[in-house]
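Q: Next comes the structure file protein.cif, holding mmCIF, C-alpha atoms and all ligand atoms.
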data_input
#
loop_
_atom_site.label_atom_id
_atom_site.label_comp_id
_atom_site.auth_asym_id
_atom_site.auth_seq_id
_atom_site.Cartn_x
_atom_site.Cartn_y
_atom_site.Cartn_z
CA MET I 1 123.44 92.65 80.09
CA THR I 2 123.09 92.07 83.84
CA LYS I 3 120.36 94.24 85.33
CA THR I 4 120.93 95.92 88.68
CA VAL I 5 118.36 96.44 91.42
CA VAL I 6 118.64 98.33 94.72
CA ILE I 7 116.20 97.32 97.47
CA THR I 8 115.59 99.33 100.64
CA GLY I 9 114.65 97.34 103.75
CA ALA I 10 116.37 94.21 102.44
CA SER I 11 117.44 92.93 105.87
CA ALA I 12 114.12 91.14 106.56
CA GLY I 13 110.71 90.11 105.30
CA ILE I 14 109.59 91.01 101.79
CA GLY I 15 112.84 92.88 101.06
CA SER I 16 115.13 89.92 101.77
CA ALA I 17 112.77 87.52 99.93
CA LEU I 18 112.87 89.93 96.98
CA ALA I 19 116.68 89.98 97.10
CA ARG I 20 116.70 86.16 96.85
CA GLU I 21 114.15 86.26 94.03
CA PHE I 22 116.03 88.89 91.98
CA ALA I 23 119.33 87.08 92.57
CA ALA I 24 117.75 83.88 91.20
CA ARG I 25 116.64 85.92 88.18
CA GLY I 26 120.25 86.98 87.53
CA TYR I 27 120.17 90.56 88.82
CA ALA I 28 123.11 92.33 90.47
CA LEU I 29 121.95 93.63 93.84
CA GLY I 30 122.36 96.62 96.14
CA LEU I 31 120.80 95.83 99.52
CA THR I 32 120.12 98.44 102.20
CA GLY I 33 118.65 98.69 105.68
CA ARG I 34 119.71 99.73 109.15
CA ARG I 35 120.93 96.29 110.32
CA LEU I 36 124.24 95.72 108.57
CA PRO I 37 124.89 92.24 110.08
CA ALA I 38 121.59 90.93 108.65
CA LEU I 39 122.47 92.40 105.25
CA GLU I 40 125.94 90.84 105.37
CA THR I 41 124.50 87.41 106.25
CA LEU I 42 122.15 87.67 103.25
CA GLN I 43 125.03 88.88 101.06
CA ALA I 44 127.12 85.82 102.01
CA GLU I 45 124.19 83.46 101.36
CA LEU I 46 123.52 84.93 97.92
CA GLN I 47 127.21 84.95 96.97
CA THR I 48 127.51 81.29 97.96
CA GLN I 49 124.60 80.59 95.62
CA GLY I 50 126.40 82.34 92.76
CA ALA I 51 124.64 85.71 92.63
CA PRO I 52 126.43 87.91 90.06
CA ARG I 53 127.08 90.79 92.46
CA VAL I 54 125.78 91.78 95.89
CA GLU I 55 126.68 95.09 97.57
CA VAL I 56 125.30 96.09 100.95
CA ALA I 57 125.03 99.50 102.61
CA THR I 58 123.61 100.87 105.83
CA VAL I 59 120.87 103.34 104.98
CA ASP I 60 118.34 104.61 107.50
CA VAL I 61 115.67 106.22 105.31
CA ASP I 62 114.55 108.30 108.32
CA ASP I 63 117.88 110.12 108.18
CA ARG I 64 117.18 112.72 105.55
CA ASP I 65 120.66 114.26 105.91
CA ALA I 66 122.67 111.07 105.37
CA ALA I 67 120.44 108.76 103.28
CA PRO I 68 120.62 110.60 99.91
CA ALA I 69 124.43 110.50 99.83
CA GLN I 70 124.52 106.88 101.05
CA LEU I 71 122.12 105.81 98.28
CA LYS I 72 124.06 107.81 95.69
CA ALA I 73 127.31 106.14 96.78
CA LEU I 74 125.69 102.70 96.44
CA PHE I 75 124.35 103.54 92.96
CA GLU I 76 127.89 104.58 91.94
CA THR I 77 129.54 101.51 93.51
CA LEU I 78 127.22 99.34 91.43
CA GLY I 79 128.17 101.26 88.28
CA GLY I 80 124.59 102.48 87.77
CA VAL I 81 121.22 101.05 88.72
CA ASP I 82 118.25 100.01 86.56
CA THR I 83 115.59 99.51 89.26
CA VAL I 84 115.10 100.90 92.77
CA VAL I 85 112.60 99.13 95.03
CA ILE I 86 111.23 101.42 97.74
CA ASN I 87 110.36 98.78 100.31
CA ALA I 88 111.58 99.91 103.77
CA GLY I 89 108.61 100.34 106.04
CA ILE I 90 107.18 99.91 109.52
CA ASN I 91 103.79 99.33 111.08
CA ASP I 92 102.32 99.60 114.53
CA PHE I 93 98.86 99.47 116.03
CA THR I 94 97.76 102.99 116.91
CA ARG I 95 94.56 104.56 118.18
CA VAL I 96 93.57 108.09 117.25
CA GLY I 97 93.11 110.16 120.40
CA ALA I 98 94.98 107.72 122.64
CA GLY I 99 98.31 109.50 122.90
CA ASP I 100 99.84 107.59 119.98
CA LEU I 101 100.95 110.63 117.99
CA ALA I 102 104.66 109.82 118.32
CA LYS I 103 104.07 106.30 116.93
CA GLU I 104 101.91 107.76 114.14
CA ALA I 105 104.60 110.31 113.24
CA ALA I 106 107.23 107.55 113.11
CA ILE I 107 105.08 105.59 110.64
CA ILE I 108 104.61 108.62 108.37
CA ASN I 109 108.30 109.45 108.71
CA THR I 110 109.54 106.06 107.49
CA ASN I 111 106.79 104.95 105.12
CA LEU I 112 106.11 108.26 103.40
CA LEU I 113 109.00 110.66 103.96
CA GLY I 114 111.58 107.84 103.89
CA ALA I 115 110.07 106.62 100.62
CA MET I 116 110.25 110.17 99.23
CA VAL I 117 113.93 110.39 100.23
CA THR I 118 114.59 107.15 98.30
CA ALA I 119 112.47 108.22 95.32
CA ASN I 120 114.31 111.55 95.06
CA ALA I 121 117.71 109.85 95.10
CA ALA I 122 116.55 107.31 92.50
CA VAL I 123 115.04 109.90 90.16
CA GLU I 124 118.15 112.06 90.37
CA HIS I 125 120.22 109.01 89.38
CA PHE I 126 117.83 108.01 86.59
CA LEU I 127 117.79 111.53 85.13
CA GLN I 128 121.59 111.33 84.81
CA ARG I 129 121.39 107.81 83.32
CA GLY I 130 118.62 108.49 80.81
CA GLY I 131 115.97 106.44 82.60
CA GLY I 132 115.16 103.77 85.14
CA HIS I 133 112.43 101.95 86.99
CA ILE I 134 110.99 102.83 90.40
CA VAL I 135 109.06 100.18 92.30
CA GLY I 136 107.10 101.28 95.36
CA ILE I 137 105.81 98.80 97.92
CA SER I 138 102.56 100.43 98.94
CA SER I 139 99.73 98.36 100.46
CA LEU I 140 96.15 97.30 100.18
CA ALA I 141 95.81 99.74 103.11
CA SER I 142 96.32 102.57 100.59
CA LEU I 143 92.78 101.88 99.38
CA GLN I 144 91.04 100.31 102.37
CA ALA I 145 90.71 102.05 105.73
CA ILE I 146 91.60 99.70 108.60
CA PRO I 147 90.92 100.56 112.26
CA ARG I 148 93.99 100.93 114.52
CA GLN I 149 95.95 101.52 111.31
CA ALA I 150 95.01 105.13 110.53
CA ALA I 151 98.61 106.37 110.28
CA TYR I 152 99.72 103.31 108.33
CA CYS I 153 96.79 103.65 105.89
CA ALA I 154 97.54 107.37 105.49
CA SER I 155 101.25 106.68 104.90
CA LYS I 156 100.49 104.17 102.15
CA ALA I 157 97.71 106.24 100.53
CA GLY I 158 100.21 109.12 100.48
CA LEU I 159 102.92 106.92 98.98
CA SER I 160 100.59 105.62 96.27
CA MET I 161 99.58 109.12 95.25
CA TYR I 162 103.22 110.25 95.34
CA LEU I 163 104.21 107.40 93.01
CA ASP I 164 101.35 108.17 90.62
CA ALA I 165 102.33 111.84 90.48
CA LEU I 166 106.01 110.94 90.04
CA ARG I 167 105.10 108.70 87.10
CA THR I 168 103.13 111.49 85.41
CA GLU I 169 105.89 114.02 86.06
CA HIS I 170 108.71 111.87 84.68
CA LYS I 171 106.98 109.91 81.92
CA ASP I 172 108.94 111.78 79.24
CA ASN I 173 112.22 111.13 81.08
CA ASN I 174 111.96 107.36 80.58
CA ILE I 175 111.30 106.82 84.30
CA ARG I 176 108.82 103.99 84.71
CA VAL I 177 106.91 103.37 87.95
CA THR I 178 105.45 100.14 89.29
CA GLN I 179 103.35 100.24 92.38
CA ILE I 180 102.78 97.08 94.39
CA ARG I 181 99.93 96.82 96.87
CA PRO I 182 100.44 93.72 99.02
CA GLY I 183 97.57 92.38 101.07
CA PHE I 184 98.93 90.42 104.02
CA VAL I 185 102.39 88.88 103.92
CA LYS I 186 103.73 86.73 106.77
CA THR I 187 106.66 88.80 108.02
CA GLU I 188 107.61 90.31 111.35
CA ILE I 189 106.04 93.67 110.52
CA MET I 190 103.02 92.80 112.69
CA ASP I 191 102.13 90.15 115.26
CA ASP I 192 99.60 87.57 114.15
CA ILE I 193 99.69 88.64 110.52
CA GLU I 194 98.72 85.09 109.53
CA LYS I 195 95.26 85.62 111.01
CA TYR I 196 94.49 88.17 108.29
CA PRO I 197 92.72 87.00 105.12
CA PHE I 198 94.67 85.45 102.27
CA ALA I 199 98.03 85.92 104.03
CA VAL I 200 100.91 84.58 101.92
CA SER I 201 104.57 83.85 102.59
CA ALA I 202 107.23 86.46 101.82
CA GLU I 203 108.60 84.06 99.16
CA LYS I 204 105.26 83.86 97.34
CA ALA I 205 104.86 87.64 97.53
CA ALA I 206 108.42 88.18 96.24
CA ALA I 207 107.89 85.86 93.26
CA GLU I 208 104.76 87.79 92.24
CA ILE I 209 106.43 91.15 92.81
CA ALA I 210 109.52 90.25 90.73
CA LYS I 211 107.31 89.03 87.88
CA ALA I 212 105.31 92.29 87.93
CA VAL I 213 108.53 94.32 88.03
CA GLN I 214 110.03 92.50 85.05
CA ALA I 215 106.77 93.01 83.12
CA GLU I 216 106.87 96.70 84.19
CA LYS I 217 103.26 96.52 85.38
CA ARG I 218 101.83 99.81 86.57
CA ASP I 219 99.80 98.84 89.65
CA VAL I 220 99.32 95.33 91.04
CA PHE I 221 97.99 93.60 94.13
CA VAL I 222 99.97 90.82 95.79
CA PRO I 223 98.79 88.13 95.90
CA ALA I 224 96.96 88.89 92.68
CA TYR I 225 94.22 86.44 93.63
CA PRO I 226 91.83 87.35 95.21
CA TRP I 227 92.77 91.01 95.69
CA ASN I 228 92.62 92.01 92.00
CA LEU I 229 89.03 90.71 91.85
CA MET I 230 88.18 92.68 95.02
CA ARG I 231 89.64 95.99 93.83
CA PRO I 232 86.20 97.54 93.06
CA VAL I 233 84.97 96.90 96.62
CA PHE I 234 87.91 98.43 98.50
CA GLY I 235 86.65 101.40 100.48
CA ARG I 236 83.15 99.90 100.43
CA ILE I 237 83.70 96.89 102.70
CA PRO I 238 81.52 97.34 105.83
CA ASP I 239 83.46 98.83 108.76
CA ARG I 240 82.44 95.97 111.05
CA VAL I 241 84.36 93.44 108.88
CA TRP I 242 87.67 95.26 109.32
CA LYS I 243 86.88 96.10 112.94
CA ARG I 244 86.60 92.40 113.69
CA LEU I 245 89.89 91.68 111.97
CA ALA I 246 91.80 94.51 113.64
CA LYS I 247 90.61 94.04 117.24
N1 LIG A 1 103.86 92.24 105.53
C1 LIG A 1 102.72 92.73 105.04
O1 LIG A 1 101.62 92.17 105.26
C2 LIG A 1 102.73 93.97 104.19
C3 LIG A 1 101.54 94.33 103.55
C4 LIG A 1 101.53 95.47 102.75
C5 LIG A 1 102.67 96.22 102.59
N2 LIG A 1 103.80 95.86 103.24
C6 LIG A 1 104.98 96.70 103.07
O2 LIG A 1 106.07 95.94 102.65
C7 LIG A 1 107.29 96.56 103.08
C8 LIG A 1 108.17 95.53 103.78
O3 LIG A 1 107.49 95.07 104.92
P1 LIG A 1 107.76 93.64 105.61
O4 LIG A 1 106.43 93.04 105.86
O5 LIG A 1 108.78 92.91 104.84
O6 LIG A 1 108.32 94.12 107.03
P2 LIG A 1 109.57 93.65 107.90
O7 LIG A 1 109.75 92.19 107.80
O8 LIG A 1 109.38 94.26 109.23
O9 LIG A 1 110.81 94.35 107.15
C9 LIG A 1 110.88 95.75 107.09
C10 LIG A 1 112.18 96.15 106.45
O10 LIG A 1 112.22 97.58 106.40
C11 LIG A 1 113.43 98.02 106.98
N3 LIG A 1 113.29 99.32 107.62
C12 LIG A 1 112.40 99.69 108.58
N4 LIG A 1 112.63 100.96 108.93
C13 LIG A 1 113.68 101.41 108.20
C14 LIG A 1 114.39 102.62 108.12
N5 LIG A 1 114.09 103.67 108.90
N6 LIG A 1 115.40 102.73 107.24
C15 LIG A 1 115.73 101.68 106.45
N7 LIG A 1 115.12 100.49 106.48
C16 LIG A 1 114.10 100.36 107.36
C17 LIG A 1 113.85 96.93 107.96
O11 LIG A 1 115.27 96.87 108.06
P3 LIG A 1 116.14 97.42 109.28
O12 LIG A 1 115.38 97.15 110.53
O13 LIG A 1 117.42 96.66 109.15
O14 LIG A 1 116.31 98.86 108.99
C18 LIG A 1 113.38 95.68 107.24
O15 LIG A 1 114.36 95.21 106.35
C19 LIG A 1 106.86 97.71 104.00
O16 LIG A 1 106.88 98.93 103.29
C20 LIG A 1 105.44 97.35 104.37
O17 LIG A 1 104.66 98.47 104.71
C21 LIG A 1 103.87 94.74 104.04
#
Translate the structure of the given file into structure tokens.

A:
Amino acid sequence: MTKTVVITGASAGIGSALAREFAARGYALGLTGRRLPALETLQAELQTQGAPRVEVATVDVDDRDAAPAQLKALFETLGGVDTVVINAGINDFTRVGAGDLAKEAAIINTNLLGAMVTANAAVEHFLQRGGGHIVGISSLASLQAIPRQAAYCASKAGLSMYLDALRTEHKDNNIRVTQIRPGFVKTEIMDDIEKYPFAVSAEKAAAEIAKAVQAEKRDVFVPAYPWNLMRPVFGRIPDRVWKRLAK
């Protein structure tokens, strides 16, 4: 039977690469984001390539009044969903004590609260369906403090803990959780991302993510090499190393 996946933040970067990857793997797709034209362009591309089914919907995960109903409507349009990928996210350089609180709040709002909005809608749907799979795109920054990224690191550490707690809470309800912690992926989320170590293309990241999702892995780094090997040292890397990188 055709599996169905909904991806938030599918209009660019990792989300759109993931849409292409899941389409190639035969999934039916529900793609969301704020930019409908970008979603429609991707929809047309995937349909031309023979994707089984591609639905698009405008969902701003910051809009806690509208987003739950919009996601629910998409789940229903698709006739039920097997996997929801919580991917929508933002980043910005911020400095603590430099008047950046509004930027910091926006990061927490989208990356943590927006993810919680999506997770709640997905779990509600999965409880009615008898199960499902939640995939959260966290970050290496959930484990490693990076200067000028305090709010981003906090948002992803919060998301990772939220996903872990969700998994524990809903284990007996057949709700599985995969958490993905990308290192650096060349997208438009940040300028000069390619200067960061072991940066990979969105396509390479998407291929690894889709494989981990299909295997229902619990917690993986992307790219797996070298970050899996480095897992024990996260949080212990000297501050000066990250300071140099994040100047
Ligand atoms: N790139 C990296 O190095 C990296 C590393 C670790 C983790 N991540 C995570 O991977 C995820 C995707 O990032 P990316 O690198 O692919 O970034 P990106 O290219 O900037 O894409 C971000 C996506 O999120 C969507 N989005 C942003 N705010 C939204 C909102 N309020 N409501 C709905 N959608 C929203 C954007 O769509 P619209 O603008 O159309 O809404 C876009 O599709 C993020 O959660 C990010 O934190 C990225």

Q: May I have the protein, DNA and RNA residues with any atom at most 7 Å from the point (88.9, 101.4, 99.7), counting all atoms listed in the file, written as a list in words?

A: Leu143, Gln144, Ala145, Val233, Phe234, Gly235 and Arg236 of chain I

Q: For a quick check of understanding, using only C-alpha atoms, which of I:Arg25, I:Arg95, I:His133, I:Arg240 has the smallest distance to Arg167 (chain I)?

A: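 Nearest to Arg167 (chain I): I:His133.
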
Q: Return as a PyMOL selection string the residues of protein, DNA or RNA that approach ligand LIG 1 (chain A) to within 6 Å, with all atoms listed in the file taken into account.

A: chain I and resi 8-15+33-35+59-62+87-90+110+137-139+182-189

Q: Between CA of Ala57 (chain I) and CA of Leu31 (chain I), what is the distance, to one decimal in Å?

A: 6.4 Å

Q: Go through I:Asn228, I:Ser201, I:Asn91, I:Gln179 and flag the residue nearest Ala150 (chain I), using all atoms listed in the file for the distances.

A: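 Using all atoms listed in the file, Ala150 (chain I) sits closest to I:Asn91.
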
Q: Which of these, I:Ile7, I:Ala212, I:Met190, I:Val81, has the shortest distance to His125 (chain I) once you count all atoms listed in the file?

A: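 Closest candidate: I:Val81.
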
Q: Counting all atoms listed in the file, which of I:Val123, I:Leu112, I:Cys153, I:Ala210 gets nearest to Ala19 (chain I)?

A: I:Ala210

Q: Which one of I:Leu159, I:Leu46, I:Leu101, I:Leu74 sits closest to Gly114 (chain I) if you count all atoms listed in the file?

A: I:Leu159

Q: Check the smallest atom-to-atom distance from each of I:Ala115, I:Val84, I:Val213, I:Ala207 to Ser160 (chain I) using only C-alpha atoms, then report the winner.

A: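 Closest residue, counting only C-alpha atoms: I:Ala115.
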
Q: What does the structure give for the distance between CA of Asn174 (chain I) and CA of Phe126 (chain I), in Å to one decimal?

A: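 Taking CA of Asn174 (chain I) and CA of Phe126 (chain I), their separation equals 8.4 Å.
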
Q: Just the number, please: distance in Å from CA of Ala102 (chain I) to CA of Ala151 (chain I), one decimal.

A: 10.6 Å
